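Written below as structure tokens is the structure these notes are about.
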Amino acid sequence: MSSQTHLLTQADAALSRAQEKISQKRLEEALADLREASAGFENAGEVFGLILALKISSEVNRDLGRLDGALEQVKEAYTLLAEKKPHAEQLPDFATETGSIYAELGQLEKAKQWYAQGLGGYESSGNVQGQAHNYLALAGLARYGSQESQAQELLETAYGLYRQAGMPQQMVQVRSAMAQGLLATGEEQQALNYLTEALDLAREHNDLVGLGETHQLLALVIAQQGNSERAEEHLRAATEHYRAAGDIEAAEFVQDLLQKLPPSS
């Protein structure tokens with residue numbers, strides 16, 4: 001057996017041990033095996049093995065709350081993959097993951113840059129779902145920066161992409177997100193229009209969680225208008241749908257809202 005083959009065999013074994021420990025939630029122990037796997041693949045010149053080990057290491061470090069380490073590893077994996085296979089379909093995923101970690105670290109401009117880079121990759125490959133995801137992420141960053149009009153435009157684009165992909169549950173979620181943003185800026189009527197649209201869509205596709213969330217948001221708007229009776233109807237409907245979906249925690253939360261509902265004005 002050549003030295004390279006021996007290194008690869010040891011690296012593969014270390015990677016397998018790491019994956020088994022991850023499945024058992026033994027994350028700290030898994031990291032030690034991942035370090036061994038990374039070193040082995042690097043010494044053997046096996047770039048794709050090294051990329052895989054780095055990506056898994058990044059995910060484990062992120063689960064452990066070690067964002068700086070997670071960021072360093074996913075960026076290294078991205079760089080290696082871009083050099084080895086510039087048009088790899090995983091590249092936008094790596095860029096998106098990098099943007100997500102930057103966002104979690106509060107470095108929003110860098111997050112925006114990496115999300116946009118991932119978006120460009122998804123557009124090049126025709127990955128509609130990936131595009132929609134990154135438009136949602138960019139909308140979240142815009143909203144965080146108090147740029148609600150830009151957030152609404154980005155969300156509308158995401159909505160169109162999910163419609164193109166035939167993903168009604170995500171369409172319901174996007175319309176609800178748009179409504180929440182409009183409510184925060186006092187655009188109540190358009191928010192109600194979006195929530196009504198979301199409710200109809202959720203009913204059409206029997207999206208129980210979507211029905212629960214939309215009824216809950218409608219109750220909030222209608223309660224603010226002073227119509228507690230109609231708000232109560234929506235909250236009771238939300239409770240029923242959450243229970244039917246098996247989301248007992250959400251149903252209990254709505255029950256608490258019912259108790260706090262003020263009388264109709």
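Labels used: A, B, ... for chains in the order of the structure tokens, numbers from 1 for residues in each chain, and numbers from 1 for ligands as shown.
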
*Looking only at alpha helix (DSSP H) from DSSP on the backbone, list the matching residues of range 54-218 of chain A as a PyMOL selection string.*
chain A and resi 54-63+67-84+91-104+108-125+128-144+148-165+168-184+188-204+208-218

*If you count only C-alpha atoms, which residues fall within 10 Å of range 17-34 of chain A, apart from same-chain ones fewer than 2 positions away, as a PyMOL selection string?*
chain A and resi 11-15+36-40+50+52-58+60-61+63-64

When you look at Lys112 in chain A with a cut-off of 10 Å (counting only C-alpha atoms), what residues show up, excluding the ones that are within fewer than 2 positions of it in the same chain? I need them as a JSON list (two decimals) with C-alpha atoms, in the first residue's frame.
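Just written: around-v5.json:
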[["chain", "number", "residue", "atom", "x", "y", "z"],
["A", 96, "THR", "CA", -25.19, 31.26, 1.18],
["A", 99, "GLY", "CA", -23.69, 34.84, 4.34],
["A", 100, "SER", "CA", -25.84, 33.21, 6.99],
["A", 102, "TYR", "CA", -21.95, 36.59, 8.80],
["A", 103, "ALA", "CA", -25.56, 37.61, 9.49],
["A", 107, "GLN", "CA", -21.72, 41.64, 10.05],
["A", 108, "LEU", "CA", -24.61, 42.54, 7.78],
["A", 109, "GLU", "CA", -22.79, 44.11, 4.84],
["A", 110, "LYS", "CA", -20.62, 41.03, 4.43],
["A", 114, "TRP", "CA", -22.26, 36.60, 0.27],
["A", 115, "TYR", "CA", -26.02, 36.15, -0.09],
["A", 116, "ALA", "CA", -25.83, 38.12, -3.35],
["A", 117, "GLN", "CA", -22.94, 35.91, -4.49],
["A", 118, "GLY", "CA", -24.97, 32.82, -3.72],
["A", 134, "ASN", "CA", -31.62, 34.19, -0.90],
["A", 137, "ALA", "CA", -32.49, 36.41, 3.31],
["A", 138, "LEU", "CA", -31.72, 39.72, 1.61],
["A", 139, "ALA", "CA", -35.21, 40.96, 2.48],
["A", 141, "LEU", "CA", -31.35, 42.16, 6.04],
["A", 142, "ALA", "CA", -33.15, 45.08, 4.38]]

Sorted per-residue table, range 152-173 of chain A near range 211-221 of chain A, closest atoms and distance, 10 Å, only C-alpha atoms, as a Markdown table:
| residue | atom | partner | partner_atom | distance |
| --- | --- | --- | --- | --- |
| A:Gln169 | CA | A:Leu211 | CA | 9.9 |
| A:Val172 | CA | A:Thr214 | CA | 8.3 |
| A:Gln173 | CA | A:Glu213 | CA | 8.7 |

Can you list every residue of range 94-187 of chain A that has an atom at most 12 Å from range 197-207 of chain A, with its nearest atom pair and the distance in Å to one decimal, using only C-alpha atoms, ordered by chain then number, as a tab-separated table?
residue	atom	partner	partner_atom	distance
A:Tyr159	CA	A:Ala198	CA	11.2
A:Arg163	CA	A:Leu201	CA	11.2
A:Gly166	CA	A:His205	CA	11.2
A:Met167	CA	A:His205	CA	10.1
A:Pro168	CA	A:Leu201	CA	7.0
A:Gln169	CA	A:Asp207	CA	6.6
A:Gln170	CA	A:Ala202	CA	10.0
A:Met171	CA	A:Ala198	CA	7.6
A:Val172	CA	A:Ala198	CA	4.8
A:Gln173	CA	A:Ala198	CA	7.8
A:Val174	CA	A:Ala198	CA	8.6
A:Arg175	CA	A:Ala198	CA	6.0
A:Ser176	CA	A:Ala198	CA	6.7
A:Ala177	CA	A:Ala198	CA	10.2
A:Met178	CA	A:Ala198	CA	10.4
A:Ala179	CA	A:Ala198	CA	9.6
